[in-house]
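Remarks on the structure that follows.
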Protein chains: 2
Amino acid sequence: MQQELKSEITKQLIIDKAFNLFYQNGFKTTSIDKIMKETTLSKGAFYHHYKSKKELGLEVISLKVEKRVVKGMIAPLKEPGNAYQIIKDVFTNRLKEFSTNEKQQGCPMNNLINEIGNNERAYQNALKNIIELWKTALVQILERGKQEHSIKEGVSSQAVATYLISAFEGIRGIRKLYTNDTVLDEYISGLTFYLNQIKK
Amino acid sequence: MQQELKSEITKQLIIDKAFNLFYQNGFKTTSIDKIMKETTLSKGAFYHHYKSKKELGLEVISLKVEKRVVKGMIAPLKEPGNAYQIIKDVFTNRLKEFSTNEKQQGCPMNNLINEIGNNERAYQNALKNIIELWKTALVQILERGKQEHSIKEGVSSQAVATYLISAFEGIRGIRKLYTNDTVLDEYISGLTFYLNQIKK
DNA sequence: CCAAAAACATACCTATTAGTATGTTTGTTT
DNA sequence: AAACAAACATACTAATAGGTATGTTTTTGG
């Protein structure tokens with residue numbers, strides 16, 4: 001039983017270090033050697049726990065990346081309160097909370113979507129799963145808002161959810177090109193204006 | 001003079017093949033060998049014309065990628081006609097025009113932004129330049145729309161431009177994860193709804 | 001406590017990478 | 001036509017990639 005725990009701890013360590021390196025330097029340019037150097041373990045240890053880099057990548061997505069999105073963008077949507085206000089707060093506050101590094105490096109999920117989202121079906125599905133979770137949560141709160149009369153009814157919740165997510169991921173990429181927050185402020189103004197339209 | 005022309009033709013050939021490979025397989029995973037195999041020229045030829053892969057990358061961005069965005073998204077904004085209608089048409093029609101491959105591979109610019117937009121300052125600037133061109137053109141037509149009373153005045157043109165671009169680039173990435181156009185249709189609905197807000 | 005298995009380490013392999021050194025061929029200039 | 005430079009080719013290098021083979025150490029179950 002002690003061994004099983006040790007195995008779990010090691011795998012978690014590998015996943016953590018891999019996520020960080022993928023985020024800072026990209027997926028393709030991060031080698032197993034670099035990851036294992038970070039863990040201070042050996043390559044043998046890696047291939048004992050994972051059969052390939054692909055398998056690790058999938059675990060990083062379904063564990064680390066997904067958890068990050070859930071924590072930052074999905075879970076807050078499920079809190080009680082005025083639906084309209086929650087949506088507005090989540091999308092604007094999250095942006096403002098980001099560290100300098102997070103602004104420069106962009107969104108881990110969006111980076112992966114655009115770096116490896118076209119070659120491997122397995123990566124696609126793992127990433128799509130996160131997007132679907134996010135969209136579902138947004139649709140849910142939009143529907144709640146409609147029922148509680150804080151959000152207009154003549155709008156497709158799916159459409160709004162997709163548009164909100166698209167713009168958020170888009171700006172996280174674009175912000176990487178700049179060295180100041182002007183573009184983020186513009187995004188927030190544009191978003192606020194959009195949300196005004198769905199407000200009842 | 002004949003030599004100068006030959007040089008230009010060769011460079012253009014290399015850039016074309018490089019752009020295609022970058023688009024289909026990514027920047028980092030495309031080697032000089034692969035590019036030159038496509039041109040049926042040699043590695044020696046490549047390093048005669050370019051001093052590094054980075055130099056080629058910058059030319060691909062500032063020539064091919066920029067031209068593509070200008071042709072598809074910027075130039076149409078400068079045509080005469082109702083400003084509101086032009087914006088709506090450009091953003092919706094362009095999406096519907098994309099081939100299956102273009103839907104699966106996403107936006108060449110956005111792919112590069114998210115794959116190499118964080119390491120090299122030179123890449124950042126080249127890509128930022130395209131975004132700025134796009135934003136400027138959008139602001140211009142939005143301002144024109146305001147003057148001609150087809151677009152509301154109480155909106156920051158910069159904010160709307162940024163939000164429109166963000167959402168467009170975002171959806172091009174997200175669409176890569178899917179095998180059908182549902183998400184694009186939702187985006188268009190969401191966009192239409194947004195544009196309704198700025199319509200006068 | 002001892003055999004088996006899990007956890008990890010070391011050394012290696014083949015392929016590929018960006019880039020260089022040194023050619024040969026083709027075009028230009030005088 | 002000869003001298004020269006530009007255009008391109010061939011053969012290489014050192015580094016790095018993912019992955020494997022073969023160990024040693026640690027834990028576990030009987």
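To be explicit about the labels: the chains of the structure tokens are called A, B, and onward in the order shown, and within each one the residues are counted from 1, while ligands get numbers from 1 in the order they are shown.
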Could you work out which residues of chain D fall inside 12 Å of chain A? Count only C-alpha atoms (C1' of nucleotides), and format the result as a compact mmCIF listing (two decimals) with N, CA, C and O atoms (P, O5', C5', C4', C3', O3' and C1' of nucleotides), in the first residue's frame.
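Just written: selection.txt:
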```txt
# COMPACT_ATOMS: atom_id res chain seq x y z
P DT D 16 21.83 20.16 -26.15
O5' DT D 16 20.51 19.39 -26.59
C5' DT D 16 19.75 19.89 -27.69
C4' DT D 16 18.80 18.82 -28.15
C3' DT D 16 18.07 18.09 -27.02
O3' DT D 16 16.70 18.41 -27.09
C1' DT D 16 18.77 16.62 -28.75
P DA D 17 15.67 17.80 -25.99
O5' DA D 17 14.92 16.68 -26.81
C5' DA D 17 14.28 17.05 -28.02
C4' DA D 17 13.78 15.83 -28.75
C3' DA D 17 13.21 14.75 -27.83
O3' DA D 17 11.82 14.98 -27.66
C1' DA D 17 14.70 13.81 -29.45
P DG D 18 11.05 14.24 -26.44
O5' DG D 18 10.79 12.79 -27.02
C5' DG D 18 10.07 12.64 -28.22
C4' DG D 18 10.06 11.18 -28.60
C3' DG D 18 9.44 10.26 -27.55
O3' DG D 18 8.66 9.27 -28.19
C1' DG D 18 11.71 9.64 -27.91
P DG D 19 7.78 8.25 -27.27
O5' DG D 19 8.79 7.03 -27.10
C5' DG D 19 9.32 6.42 -28.28
C4' DG D 19 10.42 5.46 -27.91
C3' DG D 19 10.08 4.45 -26.80
O3' DG D 19 10.08 3.15 -27.37
C1' DG D 19 12.27 5.30 -26.56
P DT D 20 9.75 1.86 -26.49
O5' DT D 20 11.19 1.21 -26.25
C5' DT D 20 12.04 1.02 -27.37
C4' DT D 20 13.33 0.36 -26.92
C3' DT D 20 13.14 -0.84 -25.98
O3' DT D 20 14.04 -1.86 -26.39
C1' DT D 20 14.60 0.71 -24.98
P DA D 21 13.84 -3.38 -25.86
O5' DA D 21 15.33 -3.77 -25.48
C5' DA D 21 16.37 -2.80 -25.64
C4' DA D 21 17.58 -3.23 -24.83
C3' DA D 21 17.40 -4.51 -24.02
O3' DA D 21 18.69 -5.14 -23.91
C1' DA D 21 17.65 -2.69 -22.54
P DT D 22 18.83 -6.56 -23.13
O5' DT D 22 19.43 -6.10 -21.73
C5' DT D 22 20.51 -5.15 -21.72
C4' DT D 22 20.75 -4.66 -20.30
C3' DT D 22 20.62 -5.75 -19.22
O3' DT D 22 21.73 -5.68 -18.36
C1' DT D 22 19.42 -3.84 -18.61
P DG D 23 22.08 -6.96 -17.42
O5' DG D 23 21.40 -6.58 -16.01
C5' DG D 23 22.19 -6.28 -14.90
C4' DG D 23 22.25 -4.77 -14.66
C3' DG D 23 22.08 -4.41 -13.20
O3' DG D 23 23.35 -4.28 -12.60
C1' DG D 23 20.65 -3.06 -14.60
P DT D 24 23.66 -4.87 -11.17
O5' DT D 24 22.94 -3.85 -10.19
C5' DT D 24 23.37 -2.49 -10.14
C4' DT D 24 22.36 -1.66 -9.36
C3' DT D 24 22.16 -2.11 -7.90
O3' DT D 24 22.31 -0.98 -7.08
C1' DT D 24 20.07 -1.87 -8.99
P DT D 26 17.84 1.76 -1.44
O5' DT D 26 16.28 1.43 -1.32
C5' DT D 26 15.36 2.22 -2.06
C4' DT D 26 14.05 1.49 -2.17
C3' DT D 26 13.40 1.13 -0.84
O3' DT D 26 12.19 1.83 -0.75
C1' DT D 26 13.22 -0.64 -2.40
P DT D 27 11.39 1.89 0.66
O5' DT D 27 10.22 0.83 0.43
C5' DT D 27 9.30 1.07 -0.63
C4' DT D 27 8.55 -0.21 -0.94
C3' DT D 27 7.71 -0.77 0.21
O3' DT D 27 6.36 -0.68 -0.17
C1' DT D 27 8.86 -2.49 -0.98
P DT D 28 5.21 -1.13 0.83
O5' DT D 28 4.97 -2.65 0.38
C5' DT D 28 4.73 -2.92 -1.00
C4' DT D 28 4.49 -4.41 -1.17
C3' DT D 28 3.64 -5.04 -0.07
O3' DT D 28 2.67 -5.87 -0.68
C1' DT D 28 5.64 -6.26 -0.34
P DG D 29 1.30 -6.17 0.07
O5' DG D 29 1.17 -7.75 -0.10
C5' DG D 29 1.58 -8.34 -1.32
C4' DG D 29 2.03 -9.77 -1.09
C3' DG D 29 1.19 -10.55 -0.08
O3' DG D 29 0.96 -11.85 -0.60
C1' DG D 29 3.47 -10.63 0.55
```
What are the nearest atom pairs, with distances in Å to one decimal, for all residues of chain C that come at most 10 Å from chain B, using only C-alpha atoms (C1' of nucleotides), set out by chain and rising residue number as CSV?
```
residue,atom,partner,partner_atom,distance
C:DT16,C1',B:Ser31,CA,8.9
C:DT17,C1',B:Ser31,CA,7.3
C:DA18,C1',B:Lys53,CA,7.9
C:DG19,C1',B:Ser52,CA,8.1
C:DT20,C1',B:Tyr47,CA,9.6
C:DT26,C1',B:Gln3,CA,9.3
C:DG27,C1',B:Gln3,CA,6.6
C:DT28,C1',B:Gln3,CA,8.6
```
Those same residues, written as a PDB file, in the first residue's frame with N, CA, C and O atoms (P, O5', C5', C4', C3', O3' and C1' of nucleotides)?
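Generated file (part.pdb):
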```pdb
ATOM      1  P    DT C  16      13.818  10.138 -39.195  1.00  0.00           P
ATOM      2  O5'  DT C  16      14.113  11.568 -38.558  1.00  0.00           O
ATOM      3  C5'  DT C  16      13.514  11.908 -37.306  1.00  0.00           C
ATOM      4  C4'  DT C  16      14.095  13.193 -36.788  1.00  0.00           C
ATOM      5  C3'  DT C  16      14.321  14.272 -37.860  1.00  0.00           C
ATOM      6  O3'  DT C  16      13.557  15.407 -37.509  1.00  0.00           O
ATOM      7  C1'  DT C  16      16.180  14.083 -36.407  1.00  0.00           C
ATOM      8  P    DT C  17      13.449  16.654 -38.470  1.00  0.00           P
ATOM      9  O5'  DT C  17      14.318  17.772 -37.737  1.00  0.00           O
ATOM     10  C5'  DT C  17      14.064  18.084 -36.356  1.00  0.00           C
ATOM     11  C4'  DT C  17      15.212  18.871 -35.776  1.00  0.00           C
ATOM     12  C3'  DT C  17      15.794  19.923 -36.699  1.00  0.00           C
ATOM     13  O3'  DT C  17      15.022  21.100 -36.590  1.00  0.00           O
ATOM     14  C1'  DT C  17      17.522  18.743 -35.499  1.00  0.00           C
ATOM     15  P    DA C  18      15.138  22.211 -37.705  1.00  0.00           P
ATOM     16  O5'  DA C  18      16.419  23.045 -37.278  1.00  0.00           O
ATOM     17  C5'  DA C  18      16.448  23.682 -36.014  1.00  0.00           C
ATOM     18  C4'  DA C  18      17.828  24.251 -35.766  1.00  0.00           C
ATOM     19  C3'  DA C  18      18.257  25.306 -36.785  1.00  0.00           C
ATOM     20  O3'  DA C  18      18.927  26.368 -36.101  1.00  0.00           O
ATOM     21  C1'  DA C  18      19.780  23.482 -36.834  1.00  0.00           C
ATOM     22  P    DG C  19      19.465  27.614 -36.904  1.00  0.00           P
ATOM     23  O5'  DG C  19      20.900  27.156 -37.400  1.00  0.00           O
ATOM     24  C5'  DG C  19      21.900  26.882 -36.408  1.00  0.00           C
ATOM     25  C4'  DG C  19      23.102  26.246 -37.066  1.00  0.00           C
ATOM     26  C3'  DG C  19      23.753  27.064 -38.188  1.00  0.00           C
ATOM     27  O3'  DG C  19      25.051  27.437 -37.781  1.00  0.00           O
ATOM     28  C1'  DG C  19      23.653  24.755 -38.709  1.00  0.00           C
ATOM     29  P    DT C  20      25.988  28.329 -38.698  1.00  0.00           P
ATOM     30  O5'  DT C  20      27.045  27.276 -39.240  1.00  0.00           O
ATOM     31  C5'  DT C  20      27.722  26.435 -38.324  1.00  0.00           C
ATOM     32  C4'  DT C  20      28.743  25.584 -39.053  1.00  0.00           C
ATOM     33  C3'  DT C  20      29.603  26.336 -40.065  1.00  0.00           C
ATOM     34  O3'  DT C  20      30.936  25.872 -39.951  1.00  0.00           O
ATOM     35  C1'  DT C  20      28.544  24.534 -41.135  1.00  0.00           C
ATOM     36  P    DT C  26      25.054  23.814 -64.598  1.00  0.00           P
ATOM     37  O5'  DT C  26      24.712  25.373 -64.554  1.00  0.00           O
ATOM     38  C5'  DT C  26      23.844  25.852 -63.529  1.00  0.00           C
ATOM     39  C4'  DT C  26      24.046  27.337 -63.352  1.00  0.00           C
ATOM     40  C3'  DT C  26      23.979  28.159 -64.649  1.00  0.00           C
ATOM     41  O3'  DT C  26      22.872  29.041 -64.552  1.00  0.00           O
ATOM     42  C1'  DT C  26      25.751  28.868 -63.249  1.00  0.00           C
ATOM     43  P    DG C  27      22.390  29.866 -65.836  1.00  0.00           P
ATOM     44  O5'  DG C  27      22.931  31.317 -65.483  1.00  0.00           O
ATOM     45  C5'  DG C  27      22.398  31.999 -64.346  1.00  0.00           C
ATOM     46  C4'  DG C  27      23.288  33.162 -63.961  1.00  0.00           C
ATOM     47  C3'  DG C  27      23.369  34.293 -64.996  1.00  0.00           C
ATOM     48  O3'  DG C  27      22.990  35.495 -64.334  1.00  0.00           O
ATOM     49  C1'  DG C  27      25.541  33.653 -64.285  1.00  0.00           C
ATOM     50  P    DT C  28      22.932  36.824 -65.168  1.00  0.00           P
ATOM     51  O5'  DT C  28      24.324  37.497 -64.785  1.00  0.00           O
ATOM     52  C5'  DT C  28      24.608  37.745 -63.401  1.00  0.00           C
ATOM     53  C4'  DT C  28      25.895  38.530 -63.267  1.00  0.00           C
ATOM     54  C3'  DT C  28      26.017  39.739 -64.192  1.00  0.00           C
ATOM     55  O3'  DT C  28      26.454  40.835 -63.403  1.00  0.00           O
ATOM     56  C1'  DT C  28      27.931  38.364 -64.406  1.00  0.00           C
TER      57       DT C  28
END
```
Test item: residues at most 12 Å from region 7-9 of chain D, only C-alpha atoms (C1' of nucleotides), excluding those fewer than 6 positions along its chain, as a PyMOL selection string: (chain B and resi 2-11+36+40-49) or (chain C and resi 22-27)
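Of the listed residues (A:Lys135, A:His149, A:Lys128, A:Lys67), A:Lys128 comes nearest to chain B; the distances count only C-alpha atoms.
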Point-to-point distance from CA of Thr39 (chain B) to CA of Leu63 (chain B), Å rounded to tenths: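 Taking CA of Thr39 (chain B) as the start and CA of Leu63 (chain B) as the end point, the length is 18.0 Å.
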Transformed chain A, reference chain B, in-order C-alpha pairing, as a CSV table (one decimal) with C-alpha atoms, in the first residue's frame:
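The resulting file, superposed_7.csv, is shown below:
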```
chain,number,residue,atom,x,y,z
A,1,MET,CA,19.6,40.9,-63.3
A,2,GLN,CA,18.6,37.4,-64.2
A,3,GLN,CA,20.3,36.2,-61.1
A,4,GLU,CA,18.4,38.6,-58.9
A,5,LEU,CA,15.1,37.4,-60.3
A,6,LYS,CA,16.1,33.8,-59.7
A,7,SER,CA,17.0,34.5,-56.1
A,8,GLU,CA,13.6,36.1,-55.6
A,9,ILE,CA,11.8,33.2,-57.1
A,10,THR,CA,13.7,30.7,-55.0
A,11,LYS,CA,13.0,32.7,-51.8
A,12,GLN,CA,9.4,32.9,-52.7
A,13,LEU,CA,9.3,29.1,-53.3
A,14,ILE,CA,10.9,28.5,-49.9
A,15,ILE,CA,8.5,30.8,-48.2
A,16,ASP,CA,5.5,29.2,-49.8
A,17,LYS,CA,6.5,25.7,-48.9
A,18,ALA,CA,7.5,26.7,-45.4
A,19,PHE,CA,4.1,28.4,-44.8
A,20,ASN,CA,2.2,25.4,-45.9
A,21,LEU,CA,4.2,23.0,-43.7
A,22,PHE,CA,4.0,25.4,-40.7
A,23,TYR,CA,0.3,25.6,-41.2
A,24,GLN,CA,-0.2,21.8,-41.6
A,25,ASN,CA,2.3,20.5,-39.0
A,26,GLY,CA,3.3,23.5,-36.8
A,27,PHE,CA,6.3,25.7,-36.8
A,28,LYS,CA,8.6,23.8,-34.4
A,29,THR,CA,8.0,20.4,-35.9
A,30,THR,CA,8.8,21.6,-39.4
A,31,SER,CA,12.5,21.2,-40.1
A,32,ILE,CA,14.5,22.9,-42.8
A,33,ASP,CA,15.1,19.5,-44.3
A,34,LYS,CA,11.4,19.0,-44.7
A,35,ILE,CA,10.9,22.4,-46.3
A,36,MET,CA,13.8,21.9,-48.7
A,37,LYS,CA,12.5,18.5,-49.7
A,38,GLU,CA,9.3,20.2,-50.7
A,39,THR,CA,11.1,22.7,-52.8
A,40,THR,CA,13.3,20.0,-54.4
A,41,LEU,CA,16.3,22.2,-53.6
A,42,SER,CA,19.0,21.5,-51.1
A,43,LYS,CA,19.9,22.6,-47.6
A,44,GLY,CA,22.8,24.5,-49.0
A,45,ALA,CA,20.4,26.6,-51.1
A,46,PHE,CA,18.4,27.4,-48.0
A,47,TYR,CA,21.3,28.7,-46.0
A,48,HIS,CA,22.5,30.7,-49.0
A,49,HIS,CA,19.2,32.7,-48.9
A,50,TYR,CA,18.5,32.6,-45.1
A,51,LYS,CA,20.8,32.8,-42.2
A,52,SER,CA,18.5,30.9,-39.9
A,53,LYS,CA,15.1,29.3,-39.4
A,54,LYS,CA,14.2,32.3,-37.4
A,55,GLU,CA,14.8,34.6,-40.3
A,56,LEU,CA,12.6,32.5,-42.5
A,57,GLY,CA,9.9,32.4,-39.8
A,58,LEU,CA,9.8,36.2,-39.7
A,59,GLU,CA,9.5,36.4,-43.5
A,60,VAL,CA,6.8,33.9,-43.5
A,61,ILE,CA,4.9,35.9,-41.0
A,62,SER,CA,5.5,39.4,-42.5
A,63,LEU,CA,4.9,38.2,-46.1
A,64,LYS,CA,2.6,35.2,-46.3
A,65,VAL,CA,0.6,35.3,-43.0
A,66,GLU,CA,0.1,39.0,-43.1
A,67,LYS,CA,-1.0,39.0,-46.8
A,68,ARG,CA,-3.5,36.2,-45.9
A,69,VAL,CA,-5.1,38.2,-43.1
A,70,VAL,CA,-5.1,41.4,-45.2
A,71,LYS,CA,-6.8,39.7,-48.1
A,72,GLY,CA,-9.3,37.9,-46.0
A,73,MET,CA,-10.2,40.2,-43.2
A,74,ILE,CA,-8.7,43.7,-43.7
A,75,ALA,CA,-9.0,44.6,-47.3
A,76,PRO,CA,-12.8,43.9,-47.5
A,77,LEU,CA,-13.3,46.3,-44.6
A,78,LYS,CA,-12.1,49.1,-46.8
A,79,GLU,CA,-14.6,48.6,-49.6
A,80,PRO,CA,-17.4,51.1,-50.0
A,81,GLY,CA,-20.9,50.3,-48.6
A,82,ASN,CA,-22.8,50.3,-45.4
A,83,ALA,CA,-20.3,50.0,-42.5
A,84,TYR,CA,-22.4,47.9,-40.3
A,85,GLN,CA,-23.3,45.5,-43.1
A,86,ILE,CA,-19.6,45.2,-44.2
A,87,ILE,CA,-18.4,44.2,-40.8
A,88,LYS,CA,-21.2,41.7,-40.4
A,89,ASP,CA,-20.5,40.2,-43.8
A,90,VAL,CA,-16.8,40.0,-43.4
A,91,PHE,CA,-16.9,38.2,-40.1
A,92,THR,CA,-19.6,35.7,-41.1
A,93,ASN,CA,-18.8,35.1,-44.8
A,94,ARG,CA,-15.1,34.5,-44.2
A,95,LEU,CA,-15.9,31.7,-41.7
A,96,LYS,CA,-18.3,30.0,-44.2
A,97,GLU,CA,-15.8,30.2,-47.0
A,98,PHE,CA,-13.2,28.2,-45.2
A,99,SER,CA,-12.3,24.7,-46.6
A,100,THR,CA,-12.5,21.6,-44.4
A,101,ASN,CA,-8.8,21.7,-44.1
A,102,GLU,CA,-8.8,25.4,-43.0
A,103,LYS,CA,-11.4,24.6,-40.4
A,104,GLN,CA,-9.3,21.7,-39.0
A,105,GLN,CA,-6.0,23.6,-39.1
A,106,GLY,CA,-7.3,26.8,-37.7
A,107,CYS,CA,-5.9,30.3,-38.3
A,108,PRO,CA,-2.3,30.4,-39.4
A,109,MET,CA,-1.7,33.6,-37.4
A,110,ASN,CA,-3.4,32.4,-34.3
A,111,ASN,CA,-1.5,29.1,-34.4
A,112,LEU,CA,1.7,30.9,-34.5
A,113,ILE,CA,0.7,33.3,-31.8
A,114,ASN,CA,0.0,30.4,-29.5
A,115,GLU,CA,2.9,28.3,-30.5
A,116,ILE,CA,5.8,30.8,-30.7
A,117,GLY,CA,4.2,34.0,-29.4
A,118,ASN,CA,5.8,33.7,-26.0
A,119,ASN,CA,9.5,33.0,-26.6
A,120,GLU,CA,10.9,35.3,-29.2
A,121,ARG,CA,10.3,39.0,-29.1
A,122,ALA,CA,10.9,39.2,-32.9
A,123,TYR,CA,8.0,36.8,-33.6
A,124,GLN,CA,5.8,38.7,-31.2
A,125,ASN,CA,6.4,42.0,-33.0
A,126,ALA,CA,5.8,40.5,-36.4
A,127,LEU,CA,2.5,39.0,-35.3
A,128,LYS,CA,1.5,42.0,-33.3
A,129,ASN,CA,1.9,44.1,-36.4
A,130,ILE,CA,-0.7,42.1,-38.2
A,131,ILE,CA,-3.2,42.4,-35.3
A,132,GLU,CA,-2.6,46.1,-35.2
A,133,LEU,CA,-3.3,46.4,-38.9
A,134,TRP,CA,-6.5,44.5,-38.5
A,135,LYS,CA,-7.6,46.6,-35.5
A,136,THR,CA,-6.8,49.8,-37.2
A,137,ALA,CA,-8.9,48.9,-40.2
A,138,LEU,CA,-11.8,47.8,-37.9
A,139,VAL,CA,-11.6,51.0,-35.9
A,140,GLN,CA,-11.6,53.0,-39.1
A,141,ILE,CA,-14.8,51.4,-40.5
A,142,LEU,CA,-16.5,51.6,-37.1
A,143,GLU,CA,-15.8,55.3,-37.0
A,144,ARG,CA,-17.1,55.7,-40.5
A,145,GLY,CA,-20.2,53.9,-39.5
A,146,LYS,CA,-20.7,56.3,-36.6
A,147,GLN,CA,-20.4,59.3,-38.9
A,148,GLU,CA,-22.8,57.8,-41.3
A,149,HIS,CA,-25.2,56.8,-38.6
A,150,SER,CA,-25.2,53.1,-39.2
A,151,ILE,CA,-23.3,52.4,-35.9
A,152,LYS,CA,-24.1,53.7,-32.4
A,153,GLU,CA,-21.8,56.4,-31.1
A,154,GLY,CA,-21.7,55.4,-27.4
A,155,VAL,CA,-19.3,52.6,-28.0
A,156,SER,CA,-15.5,52.5,-28.0
A,157,SER,CA,-14.4,51.5,-31.5
A,158,GLN,CA,-11.2,50.1,-30.1
A,159,ALA,CA,-13.1,48.0,-27.6
A,160,VAL,CA,-15.4,46.6,-30.2
A,161,ALA,CA,-12.6,45.9,-32.6
A,162,THR,CA,-10.6,44.1,-30.0
A,163,TYR,CA,-13.6,42.0,-28.9
A,164,LEU,CA,-14.5,41.1,-32.5
A,165,ILE,CA,-10.9,40.0,-33.3
A,166,SER,CA,-10.6,38.1,-30.1
A,167,ALA,CA,-13.7,36.1,-30.6
A,168,PHE,CA,-12.8,35.4,-34.2
A,169,GLU,CA,-9.4,34.1,-33.4
A,170,GLY,CA,-10.8,32.2,-30.4
A,171,ILE,CA,-13.3,30.3,-32.4
A,172,ARG,CA,-10.8,29.4,-35.1
A,173,GLY,CA,-8.9,27.6,-32.5
A,174,ILE,CA,-11.8,25.9,-30.8
A,175,ARG,CA,-13.2,24.7,-34.1
A,176,LYS,CA,-10.1,22.6,-34.5
A,177,LEU,CA,-11.3,20.3,-31.8
A,178,TYR,CA,-14.6,19.5,-33.5
A,179,THR,CA,-15.5,17.6,-36.6
A,180,ASN,CA,-18.6,19.5,-37.5
A,181,ASP,CA,-19.7,23.2,-37.8
A,182,THR,CA,-22.0,23.4,-34.9
A,183,VAL,CA,-19.6,25.5,-32.9
A,184,LEU,CA,-19.2,27.9,-35.9
A,185,ASP,CA,-22.9,28.3,-36.2
A,186,GLU,CA,-23.2,29.1,-32.5
A,187,TYR,CA,-20.4,31.6,-32.9
A,188,ILE,CA,-22.2,33.3,-35.8
A,189,SER,CA,-25.4,33.6,-33.7
A,190,GLY,CA,-23.4,35.0,-30.9
A,191,LEU,CA,-21.7,37.5,-33.2
A,192,THR,CA,-24.9,38.5,-34.9
A,193,PHE,CA,-26.4,39.2,-31.5
A,194,TYR,CA,-23.3,41.3,-30.5
A,195,LEU,CA,-23.5,43.3,-33.7
A,196,ASN,CA,-27.1,44.1,-33.1
A,197,GLN,CA,-26.0,45.9,-30.1
A,198,ILE,CA,-23.8,48.3,-32.0
A,199,LYS,CA,-26.3,48.8,-34.8
A,200,LYS,CA,-28.0,52.2,-34.9
```
Atom pair C1' of DA5 (chain D) / C1' of DT30 (chain C): separation (Å): 13.5 Å
DSSP-assigned helix (DSSP H, G or I) members of region 47-133 of chain B, reported as a PyMOL selection string: chain B and resi 47-49+53-78+83-97+100-105+108-116+121-133
Between C1' of DT10 (chain C) and C1' of DT25 (chain D) - distance in Å to one decimal: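 Those two atoms sit 13.1 Å apart.
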